[in-house]
Amino acid sequence: MTRTMGIEGESAGPGPLSGVRVVDMTDGLGESAGRYLAELGADVILVEPPGGATARRAAPWHEDGTSLYFATRNAGKRGIVLDPELRADRERLLALLGTADIWLESDRSGHPVRRGIDPAGVAARNPGLVIVSVTDFGHTGPYRDWTSTERVQLAMAGVLSRSGLPGLPPLTPPGLLATEAAAYQAAWVALLAYHQRLETGLGDHIDFSVYEAVAQTFDPGFGIGGSAVGGQRASDLPRGRPDAGALYPIFPCADGYVRICVLSPRQWRAMRAWLGEPAEFADPGYEKLQERRRVADRIHRLIGALFREVPKAVLVEEGQRRGVPVAALLTPGEVLECDHFLARGALAEVEVAPGVTGRAPTGFLELDGRRAGPGRRAPRLGEHTDAVLAEVSRATAARRPAGAAPVRPPERRPLDRRPLEGLRVLDLGVIVAGAELGRLLADQGADVIKVENRAFPDGGRQSMTTELITASFAWGHRNKRSLGLNLRDPRGVEMFKRLAAASDVILSNFKPGTLESLGLGPETLGAVNPGLVMAESSALGSTGPWSRRMGYGPLVRASAGLTGLWRHPERADGFCDAITIFPDHVVGRVGATAVLARLIERRRTGRGGTVAISQAEIGLTEMAELFLQESLAPGSVTARGNTGTTDAPQGLFPCAGDDEWCAVEVRDDADWRRLCAAIDRPDLAADPRLGTAAGRLAHRTEVEAAAAAWLATHPPREAMRLLQAAGVPAGAMQQVADYPDDPQFAARGFFARMCQPELPEPLPTEARPALARHLPDPLLGPAPRQAAHTREVCREVLGLTDAEIDELLAQGVLEEEETTHAAETSDGKGHL
């Protein structure tokens with residue numbers, strides 16, 4: 001089952017941002033921010049110069065030269081062309097921006113359409129406009145004039161230092177995962193500032209650094225980690241890629257590979273039974289994850305022998321039957337034919353060129369059970385120019401913004417207020433994705449109450465460091481309160497309903513159907529509080545054949561085709577994503593953005609609604625151009641390693657020192673000439689064989705050897721500075737432990753310090769999602785001890801007396817913080 005996503009007017013109806021106008025000029029940097037806002041219902045207008053945006057020429061391409069990148073990143077938008085040489089068109093752009101609510105722009109060296117138009121001047125004409133300036137490194141700091149690429153960002157943001165296998169070079173992940181993650185952060189910040197505008201009446205100017213966003217959203221070194229790492233810090237990892245294969249092991253089987261995630265005692269008992277109850281592992285001590293890690297080689301040999309001759313589909317089904325989380329590593333072709341994704345409408349036929357369609361992802365979001373996809377194909381060049389300019393002309397003549405949302409006039413509140421002050425959030429989220437969504441809302445002033453129970457503990461509280469609260473948990477749950485409540489007790493359910501009646505948002509990331517089984521589904525809670533916004537994320541979506549499967553991030557990556565592509569191509573078993581936390585932190589950003597969109601909608605309608613996010617479909621969407629390419633040319637998308645495909649040299653090169661690397665990216669002929677000058681090889685610049693990208697690709701070995709020879713004699717940071725000074729995208733591979741000394745981070749105040757009482761020293765933590773003129777910095781309160789605020793919340797929100805609380809505690813309906821704990825804590829420096 002597929003549906004076409006390329007016909008005008010096929011949108012499923014107005015979304016929560018209906019009436020919000022976004023002008024998108026993020027050429028080649030951040031297009032997915034605009035696409036996501038379009039999926040949420042905004043009118044997103046892409047502005048291009050004659051000849052089109054550079055993104056229309058971005059790889060990969062269809063055989064006719066059509067950019068698959070452009071086709072997938074700009075679906076859902078309307079497109080217009082304005083000529084930078086015409087004064088009249090510059091006036092038209094100013095008029096368009098006068099009708100807009102949000103302006104996304106990525107000017108780094110003078111956008112051709114923007115000649116004579118700057119954010120300050122535009123803001124003076126439209127003080128309610130939210131301007132998000134998306135650049136590689138931001139407008140301030142020592143790197144402000146540098147340029148980057150996906151590979152450069154991955155190196156500098158510390159991702160590559162943890163990606164790969166011991167003894168092998170770091171490995172670049174597939175696609176544009178990091179840049180895409182940053183784009184979703186840009187959408188979150190844009191909507192946060194717009195929500196603040198609805199309260200204060202003033203817009204904002206956001207100085208958005210992709211570098212900072214990648215460090216926060218794509219496997220952040222100073223963010224909450226998965227339960228398998230037990231709170232151990234990425235900054236404590238030794239040099240070289242960590243030996244993390246035992247975390248979420250992968251086994252060959254009859255027709256491919258499968259991955260398992262055996263974490264809890266219950267899952268281990270099920271796996272042991274599947275193995276035939278081997279006597280050597282009968283000791284109950286092996287129910288502890290750290291004990292199984294100690295003998296992982298022996299356990300994995302038994303599992304490998306059990307799985308080797310069995311088809312992966314059989315193993316997955318048997319694992320589900322037994323309660324052992326198992327997922328097959330799907331290839332891109334298998335993903336495109338997957339019954340689950342097709343049944344959910346997660347894949348659709350997309351118009352690539354006239355008469356040519358291919359299958360591509362349709363997004364990851366459902367609103368009130370309806371998929372919120374882009375609704376229309378990417379615009380042809382100038383397709384909507386006449387219609388949009390006519391709308392602007394009419395709006396200007398009427399002296400009212402055509403894109404303004406029909407909301408009541410804002411109450412002008414102080415500018416130093418946090419955007420979400422006054423909101424109450426009940427947070428049932430667990431581990432990474434659930435924690436991060438609630439934390440983002442708490443940072444911005446919402447009262448986020450983490451509802452938990454010791455009988456079903458959050459895996460994020462699991463510690464292998466003996467710390468009562470780990471740094472990982474503190475990063476993921478700062479600024480929250482904790483309520484101990486037993487939802488397996490009918491009285492606990494009734495108390496939760498009372499809390500819901502006094503709240504604005506409920507968050508969860510359980511297996512679909514869990515809340516309904518407790519009597520707390522959307523219909524029930526919506527009847528209690530019609531203005532309630534309920535947001536859930538799940539591994540594989542709330543519907544479809546696989547919706548009830550057990551899901552963790554590593555299984556999501558396997559099912560979405562990511563694990564199979566994140567592999568050293570020279571090794572069939574060279575999979576490298578074991579330690580990665582993806583897409584969990586992205587889930588938090590897109591979830592927070594969708595919740596905010598529904599709250600904005602509630603201002604108009606008074607009604608709440610539901611938000612549902614499929615984590616696997618986030619993976620599909622971030623690699624949309626690769627799936628479209630595979631659809632059009634089956635078998636063309638495979639593991640690519642570190643080698644670029646559009647020019648040379650493009651890759652990761654060893655530098656002077658121990659495990660020191662630098663990413664270098666030649667994008668075009670001008671970059672090639674700059675590189676040759678920087679490494680003092682005028683002979684190569686003069687060589688006619690190497691004067692074009694095709695020539696350099698044909699002689700890749702020669703040009704890469706020249707770059708490698710020069711880089712080998714320079715420390716990576718020196719090489720990076722010299723190449724960037726010449727205008728060549730380059731980035732030293734940074735270790736997570738190096739972050740605090742990074743001069744760009746330091747200059748822009750990227751880090752703050754938070755105090756967690758259970759830890760001996762203040763923690764470095766992200767200070768803010770982006771620099772802004774008016775948005776105040778987030779709160780930096782500690783994460784809560786379990787059930788530490790039960791009495792406080794019950795008094796404040798439910799109006800219970802101490803006697804009533806005491807009775808409910810005695811009956812096990814409520815829990816409060818345990819008063820005796822082991823006082824000793826380790827230094828938190830365990831290693832994987």
# chains A, B, ... in the order shown; residues from 1 in each chain; ligands from 1
>>> select_by_dssp(residues="segment 9-231 of chain A", states="strand (DSSP E)", output="mmCIF file with all heavy atoms, in the first residue's frame")
data_model
loop_
_atom_site.group_PDB
_atom_site.id
_atom_site.type_symbol
_atom_site.label_atom_id
_atom_site.label_comp_id
_atom_site.auth_asym_id
_atom_site.auth_seq_id
_atom_site.Cartn_x
_atom_site.Cartn_y
_atom_site.Cartn_z
ATOM 1 N N ARG A 21 3.062 31.923 8.896
ATOM 2 C CA ARG A 21 3.838 32.003 7.647
ATOM 3 C C ARG A 21 5.332 31.970 7.947
ATOM 4 O O ARG A 21 5.825 32.703 8.803
ATOM 5 C CB ARG A 21 3.495 33.265 6.864
ATOM 6 C CG ARG A 21 4.410 33.503 5.675
ATOM 7 C CD ARG A 21 3.845 34.504 4.699
ATOM 8 N NE ARG A 21 2.732 33.919 3.953
ATOM 9 C CZ ARG A 21 1.943 34.613 3.127
ATOM 10 N NH1 ARG A 21 2.126 35.913 2.983
ATOM 11 N NH2 ARG A 21 0.967 34.015 2.469
ATOM 12 N N VAL A 22 6.038 31.114 7.215
ATOM 13 C CA VAL A 22 7.482 30.961 7.352
ATOM 14 C C VAL A 22 8.126 31.246 6.006
ATOM 15 O O VAL A 22 7.728 30.662 4.991
ATOM 16 C CB VAL A 22 7.848 29.532 7.802
ATOM 17 C CG1 VAL A 22 9.366 29.376 7.916
ATOM 18 C CG2 VAL A 22 7.163 29.186 9.125
ATOM 19 N N VAL A 23 9.101 32.144 5.980
ATOM 20 C CA VAL A 23 9.897 32.380 4.781
ATOM 21 C C VAL A 23 11.207 31.617 4.950
ATOM 22 O O VAL A 23 11.940 31.825 5.917
ATOM 23 C CB VAL A 23 10.170 33.877 4.563
ATOM 24 C CG1 VAL A 23 11.122 34.090 3.389
ATOM 25 C CG2 VAL A 23 8.850 34.605 4.321
ATOM 26 N N ASP A 24 11.485 30.728 4.013
ATOM 27 C CA ASP A 24 12.624 29.812 4.121
ATOM 28 C C ASP A 24 13.689 30.193 3.093
ATOM 29 O O ASP A 24 13.475 30.082 1.891
ATOM 30 C CB ASP A 24 12.145 28.378 3.894
ATOM 31 C CG ASP A 24 13.228 27.336 4.161
ATOM 32 O OD1 ASP A 24 14.397 27.723 4.330
ATOM 33 O OD2 ASP A 24 12.897 26.146 4.211
ATOM 34 N N MET A 25 14.837 30.618 3.604
ATOM 35 C CA MET A 25 15.974 30.934 2.743
ATOM 36 C C MET A 25 17.226 30.227 3.271
ATOM 37 O O MET A 25 18.326 30.759 3.254
ATOM 38 C CB MET A 25 16.168 32.450 2.671
ATOM 39 C CG MET A 25 14.994 33.148 1.989
ATOM 40 S SD MET A 25 14.980 34.957 2.154
ATOM 41 C CE MET A 25 16.460 35.409 1.278
ATOM 42 N N ASP A 43 2.521 27.741 6.552
ATOM 43 C CA ASP A 43 2.683 28.077 5.137
ATOM 44 C C ASP A 43 4.150 28.455 4.933
ATOM 45 O O ASP A 43 4.568 29.557 5.290
ATOM 46 C CB ASP A 43 1.765 29.248 4.774
ATOM 47 C CG ASP A 43 1.946 29.711 3.334
ATOM 48 O OD1 ASP A 43 2.433 28.910 2.504
ATOM 49 O OD2 ASP A 43 1.608 30.878 3.051
ATOM 50 N N VAL A 44 4.934 27.539 4.405
ATOM 51 C CA VAL A 44 6.376 27.736 4.257
ATOM 52 C C VAL A 44 6.674 28.102 2.815
ATOM 53 O O VAL A 44 6.358 27.345 1.887
ATOM 54 C CB VAL A 44 7.160 26.482 4.671
ATOM 55 C CG1 VAL A 44 8.659 26.714 4.517
ATOM 56 C CG2 VAL A 44 6.830 26.116 6.117
ATOM 57 N N ILE A 45 7.270 29.268 2.633
ATOM 58 C CA ILE A 45 7.547 29.794 1.295
ATOM 59 C C ILE A 45 9.049 29.796 1.071
ATOM 60 O O ILE A 45 9.802 30.495 1.757
ATOM 61 C CB ILE A 45 6.971 31.213 1.144
ATOM 62 C CG1 ILE A 45 5.448 31.162 1.336
ATOM 63 C CG2 ILE A 45 7.325 31.797 -0.219
ATOM 64 C CD1 ILE A 45 4.799 32.520 1.441
ATOM 65 N N LEU A 46 9.493 28.996 0.126
ATOM 66 C CA LEU A 46 10.895 28.896 -0.235
ATOM 67 C C LEU A 46 11.226 29.990 -1.245
ATOM 68 O O LEU A 46 10.596 30.083 -2.294
ATOM 69 C CB LEU A 46 11.178 27.514 -0.841
ATOM 70 C CG LEU A 46 12.581 27.255 -1.347
ATOM 71 C CD1 LEU A 46 13.571 27.182 -0.196
ATOM 72 C CD2 LEU A 46 12.616 25.952 -2.147
ATOM 73 N N VAL A 47 12.219 30.814 -0.928
ATOM 74 C CA VAL A 47 12.620 31.912 -1.804
ATOM 75 C C VAL A 47 13.934 31.540 -2.475
ATOM 76 O O VAL A 47 14.924 31.235 -1.805
ATOM 77 C CB VAL A 47 12.788 33.226 -1.015
ATOM 78 C CG1 VAL A 47 13.200 34.354 -1.946
ATOM 79 C CG2 VAL A 47 11.487 33.578 -0.295
ATOM 80 N N GLU A 48 13.944 31.591 -3.823
ATOM 81 C CA GLU A 48 15.134 31.222 -4.590
ATOM 82 C C GLU A 48 15.481 32.319 -5.592
ATOM 83 O O GLU A 48 14.599 33.052 -6.045
ATOM 84 C CB GLU A 48 14.895 29.927 -5.364
ATOM 85 C CG GLU A 48 14.524 28.733 -4.518
ATOM 86 C CD GLU A 48 14.303 27.497 -5.378
ATOM 87 O OE1 GLU A 48 15.289 26.911 -5.853
ATOM 88 O OE2 GLU A 48 13.122 27.142 -5.597
ATOM 89 N N ARG A 78 5.876 25.992 -0.609
ATOM 90 C CA ARG A 78 5.623 26.712 -1.858
ATOM 91 C C ARG A 78 6.911 27.422 -2.249
ATOM 92 O O ARG A 78 7.713 27.794 -1.388
ATOM 93 C CB ARG A 78 4.480 27.711 -1.685
ATOM 94 C CG ARG A 78 3.147 27.059 -1.370
ATOM 95 C CD ARG A 78 1.996 28.031 -1.561
ATOM 96 N NE ARG A 78 1.957 29.073 -0.544
ATOM 97 C CZ ARG A 78 1.165 30.149 -0.624
ATOM 98 N NH1 ARG A 78 0.386 30.325 -1.703
ATOM 99 N NH2 ARG A 78 1.153 31.047 0.348
ATOM 100 N N GLY A 79 7.130 27.591 -3.559
ATOM 101 C CA GLY A 79 8.375 28.171 -4.009
ATOM 102 C C GLY A 79 8.175 29.390 -4.886
ATOM 103 O O GLY A 79 7.308 29.409 -5.764
ATOM 104 N N ILE A 80 9.005 30.421 -4.635
ATOM 105 C CA ILE A 80 8.972 31.618 -5.484
ATOM 106 C C ILE A 80 10.392 31.981 -5.890
ATOM 107 O O ILE A 80 11.368 31.574 -5.250
ATOM 108 C CB ILE A 80 8.298 32.813 -4.777
ATOM 109 C CG1 ILE A 80 9.186 33.371 -3.664
ATOM 110 C CG2 ILE A 80 6.931 32.433 -4.236
ATOM 111 C CD1 ILE A 80 8.673 34.677 -3.078
ATOM 112 N N VAL A 81 10.509 32.751 -6.962
ATOM 113 C CA VAL A 81 11.799 33.246 -7.454
ATOM 114 C C VAL A 81 11.790 34.766 -7.406
ATOM 115 O O VAL A 81 10.821 35.405 -7.841
ATOM 116 C CB VAL A 81 12.070 32.757 -8.892
ATOM 117 C CG1 VAL A 81 13.238 33.514 -9.511
ATOM 118 C CG2 VAL A 81 12.344 31.266 -8.897
ATOM 119 N N ILE A 102 7.934 33.882 10.817
ATOM 120 C CA ILE A 102 9.257 33.296 11.043
ATOM 121 C C ILE A 102 10.053 33.410 9.756
ATOM 122 O O ILE A 102 9.532 33.124 8.663
ATOM 123 C CB ILE A 102 9.151 31.821 11.468
ATOM 124 C CG1 ILE A 102 8.399 31.696 12.805
ATOM 125 C CG2 ILE A 102 10.533 31.174 11.583
ATOM 126 C CD1 ILE A 102 8.060 30.253 13.188
ATOM 127 N N TRP A 103 11.304 33.814 9.875
ATOM 128 C CA TRP A 103 12.219 33.866 8.724
ATOM 129 C C TRP A 103 13.411 32.971 9.041
ATOM 130 O O TRP A 103 14.169 33.236 9.968
ATOM 131 C CB TRP A 103 12.667 35.308 8.479
ATOM 132 C CG TRP A 103 13.632 35.497 7.338
ATOM 133 C CD1 TRP A 103 13.845 34.663 6.278
ATOM 134 C CD2 TRP A 103 14.514 36.612 7.143
ATOM 135 N NE1 TRP A 103 14.788 35.180 5.433
ATOM 136 C CE2 TRP A 103 15.216 36.377 5.941
ATOM 137 C CE3 TRP A 103 14.758 37.782 7.861
ATOM 138 C CZ2 TRP A 103 16.166 37.268 5.447
ATOM 139 C CZ3 TRP A 103 15.696 38.675 7.367
ATOM 140 C CH2 TRP A 103 16.404 38.425 6.170
ATOM 141 N N LEU A 104 13.552 31.898 8.278
ATOM 142 C CA LEU A 104 14.698 31.010 8.381
ATOM 143 C C LEU A 104 15.681 31.392 7.283
ATOM 144 O O LEU A 104 15.330 31.375 6.106
ATOM 145 C CB LEU A 104 14.276 29.546 8.190
ATOM 146 C CG LEU A 104 13.181 29.014 9.118
ATOM 147 C CD1 LEU A 104 12.768 27.606 8.683
ATOM 148 C CD2 LEU A 104 13.639 28.997 10.561
ATOM 149 N N GLU A 105 16.911 31.747 7.653
ATOM 150 C CA GLU A 105 17.872 32.164 6.634
ATOM 151 C C GLU A 105 19.258 31.648 7.009
ATOM 152 O O GLU A 105 19.567 31.439 8.182
ATOM 153 C CB GLU A 105 17.861 33.680 6.463
ATOM 154 C CG GLU A 105 18.245 34.479 7.689
ATOM 155 C CD GLU A 105 19.698 34.863 7.696
ATOM 156 O OE1 GLU A 105 20.321 34.878 6.614
ATOM 157 O OE2 GLU A 105 20.225 35.140 8.784
ATOM 158 N N VAL A 130 10.176 36.504 13.950
ATOM 159 C CA VAL A 130 11.216 35.651 14.533
ATOM 160 C C VAL A 130 12.194 35.304 13.418
ATOM 161 O O VAL A 130 11.814 34.700 12.413
ATOM 162 C CB VAL A 130 10.617 34.371 15.136
ATOM 163 C CG1 VAL A 130 11.733 33.392 15.537
ATOM 164 C CG2 VAL A 130 9.741 34.690 16.323
ATOM 165 N N ILE A 131 13.445 35.714 13.590
ATOM 166 C CA ILE A 131 14.486 35.479 12.586
ATOM 167 C C ILE A 131 15.450 34.434 13.135
ATOM 168 O O ILE A 131 16.001 34.598 14.223
ATOM 169 C CB ILE A 131 15.252 36.775 12.260
ATOM 170 C CG1 ILE A 131 14.283 37.866 11.805
ATOM 171 C CG2 ILE A 131 16.315 36.523 11.197
ATOM 172 C CD1 ILE A 131 14.928 39.244 11.710
ATOM 173 N N VAL A 132 15.634 33.364 12.397
ATOM 174 C CA VAL A 132 16.579 32.318 12.787
ATOM 175 C C VAL A 132 17.685 32.279 11.736
ATOM 176 O O VAL A 132 17.446 31.872 10.600
ATOM 177 C CB VAL A 132 15.899 30.948 12.912
ATOM 178 C CG1 VAL A 132 16.899 29.894 13.403
ATOM 179 C CG2 VAL A 132 14.697 31.014 13.849
ATOM 180 N N SER A 133 18.866 32.744 12.113
ATOM 181 C CA SER A 133 20.017 32.760 11.204
ATOM 182 C C SER A 133 20.826 31.491 11.418
ATOM 183 O O SER A 133 21.505 31.338 12.439
ATOM 184 C CB SER A 133 20.880 34.001 11.466
ATOM 185 O OG SER A 133 20.167 35.181 11.168
ATOM 186 N N VAL A 134 20.737 30.570 10.475
ATOM 187 C CA VAL A 134 21.381 29.258 10.588
ATOM 188 C C VAL A 134 22.710 29.298 9.844
ATOM 189 O O VAL A 134 22.742 29.450 8.623
ATOM 190 C CB VAL A 134 20.481 28.153 9.997
ATOM 191 C CG1 VAL A 134 21.124 26.787 10.173
ATOM 192 C CG2 VAL A 134 19.101 28.176 10.636
ATOM 193 N N THR A 135 23.814 29.193 10.577
ATOM 194 C CA THR A 135 25.140 29.166 9.958
ATOM 195 C C THR A 135 25.954 28.027 10.549
ATOM 196 O O THR A 135 25.583 27.437 11.565
ATOM 197 C CB THR A 135 25.881 30.496 10.168
ATOM 198 O OG1 THR A 135 25.978 30.759 11.571
ATOM 199 C CG2 THR A 135 25.158 31.648 9.486
ATOM 200 N N ASP A 204 12.190 37.919 17.643
ATOM 201 C CA ASP A 204 13.524 37.647 18.167
ATOM 202 C C ASP A 204 14.460 37.395 17.000
ATOM 203 O O ASP A 204 14.023 37.174 15.863
ATOM 204 C CB ASP A 204 13.504 36.432 19.091
ATOM 205 C CG ASP A 204 14.583 36.479 20.166
ATOM 206 O OD1 ASP A 204 15.597 37.184 19.966
ATOM 207 O OD2 ASP A 204 14.406 35.830 21.211
ATOM 208 N N HIS A 205 15.749 37.455 17.273
ATOM 209 C CA HIS A 205 16.771 37.089 16.299
ATOM 210 C C HIS A 205 17.638 36.016 16.933
ATOM 211 O O HIS A 205 18.316 36.259 17.930
ATOM 212 C CB HIS A 205 17.619 38.286 15.886
ATOM 213 C CG HIS A 205 18.574 37.964 14.769
ATOM 214 N ND1 HIS A 205 19.590 38.805 14.373
ATOM 215 C CD2 HIS A 205 18.668 36.877 13.941
ATOM 216 C CE1 HIS A 205 20.259 38.259 13.372
ATOM 217 N NE2 HIS A 205 19.712 37.091 13.098
ATOM 218 N N ILE A 206 17.599 34.816 16.365
ATOM 219 C CA ILE A 206 18.318 33.655 16.882
ATOM 220 C C ILE A 206 19.590 33.463 16.074
ATOM 221 O O ILE A 206 19.546 33.307 14.847
ATOM 222 C CB ILE A 206 17.461 32.374 16.785
ATOM 223 C CG1 ILE A 206 16.050 32.606 17.342
ATOM 224 C CG2 ILE A 206 18.163 31.223 17.485
ATOM 225 C CD1 ILE A 206 15.973 32.920 18.786
ATOM 226 N N ASP A 207 20.726 33.481 16.751
ATOM 227 C CA ASP A 207 22.022 33.194 16.134
ATOM 228 C C ASP A 207 22.270 31.700 16.320
ATOM 229 O O ASP A 207 22.763 31.262 17.355
ATOM 230 C CB ASP A 207 23.108 34.041 16.812
ATOM 231 C CG ASP A 207 24.502 33.740 16.293
ATOM 232 O OD1 ASP A 207 24.642 32.967 15.331
ATOM 233 O OD2 ASP A 207 25.466 34.285 16.883
ATOM 234 N N PHE A 208 21.904 30.925 15.300
ATOM 235 C CA PHE A 208 21.861 29.462 15.411
ATOM 236 C C PHE A 208 23.104 28.843 14.794
ATOM 237 O O PHE A 208 23.349 28.971 13.594
ATOM 238 C CB PHE A 208 20.605 28.917 14.723
ATOM 239 C CG PHE A 208 20.385 27.442 14.932
ATOM 240 C CD1 PHE A 208 19.640 26.997 16.013
ATOM 241 C CD2 PHE A 208 20.924 26.505 14.065
ATOM 242 C CE1 PHE A 208 19.435 25.638 16.213
ATOM 243 C CE2 PHE A 208 20.731 25.152 14.263
ATOM 244 C CZ PHE A 208 19.985 24.714 15.341
ATOM 245 N N SER A 209 23.884 28.146 15.610
ATOM 246 C CA SER A 209 25.107 27.478 15.177
ATOM 247 C C SER A 209 24.851 25.995 14.963
ATOM 248 O O SER A 209 24.467 25.276 15.893
ATOM 249 C CB SER A 209 26.197 27.662 16.239
ATOM 250 O OG SER A 209 27.226 26.702 16.096
#
>>> residues_around(residues="Ile469 of chain A", least_positions_apart="2", cutoff="10 Å", atoms="only C-alpha atoms", output="PyMOL selection string")
chain A and resi 231+460-463+465-467+471-474+756-759+783-786+825
>>> residues_around(residues="Tyr184 of chain A", least_positions_apart="3", cutoff="6 Å", atoms="only C-alpha atoms", output="list in words")
Ala33, Ala181 and Ala187 of chain A
>>> select_by_dssp(residues="segment 32-241 of chain A", states="helix (DSSP H, G or I)", output="number ranges by chain")
A: 32-39, 54-57, 68-73, 87-98, 112-114, 119-125, 150-156, 160-162, 177-200, 210-217, 227-229, 234-236
>>> closest_residue(among="A:Asn529, A:Ser542, A:Gln216, A:Gln196", to="Arg417 of chain A", atoms="only C-alpha atoms")
A:Gln196
>>> closest_residue(among="A:Arg308, A:Gly373, A:Leu17, A:Ala59", to="Thr605 of chain A", atoms="only C-alpha atoms")
A:Leu17
>>> closest_residue(among="A:Ala346, A:Leu365, A:Ala88, A:Leu798", to="Lys497 of chain A", atoms="only C-alpha atoms")
A:Leu798
>>> residues_around(residues="segment 151-154 of chain A", least_positions_apart="5", cutoff="8 Å", atoms="only C-alpha atoms", output="number ranges by chain")
A: 159-160, 172, 178, 211, 214, 651, 663-665, 729-733
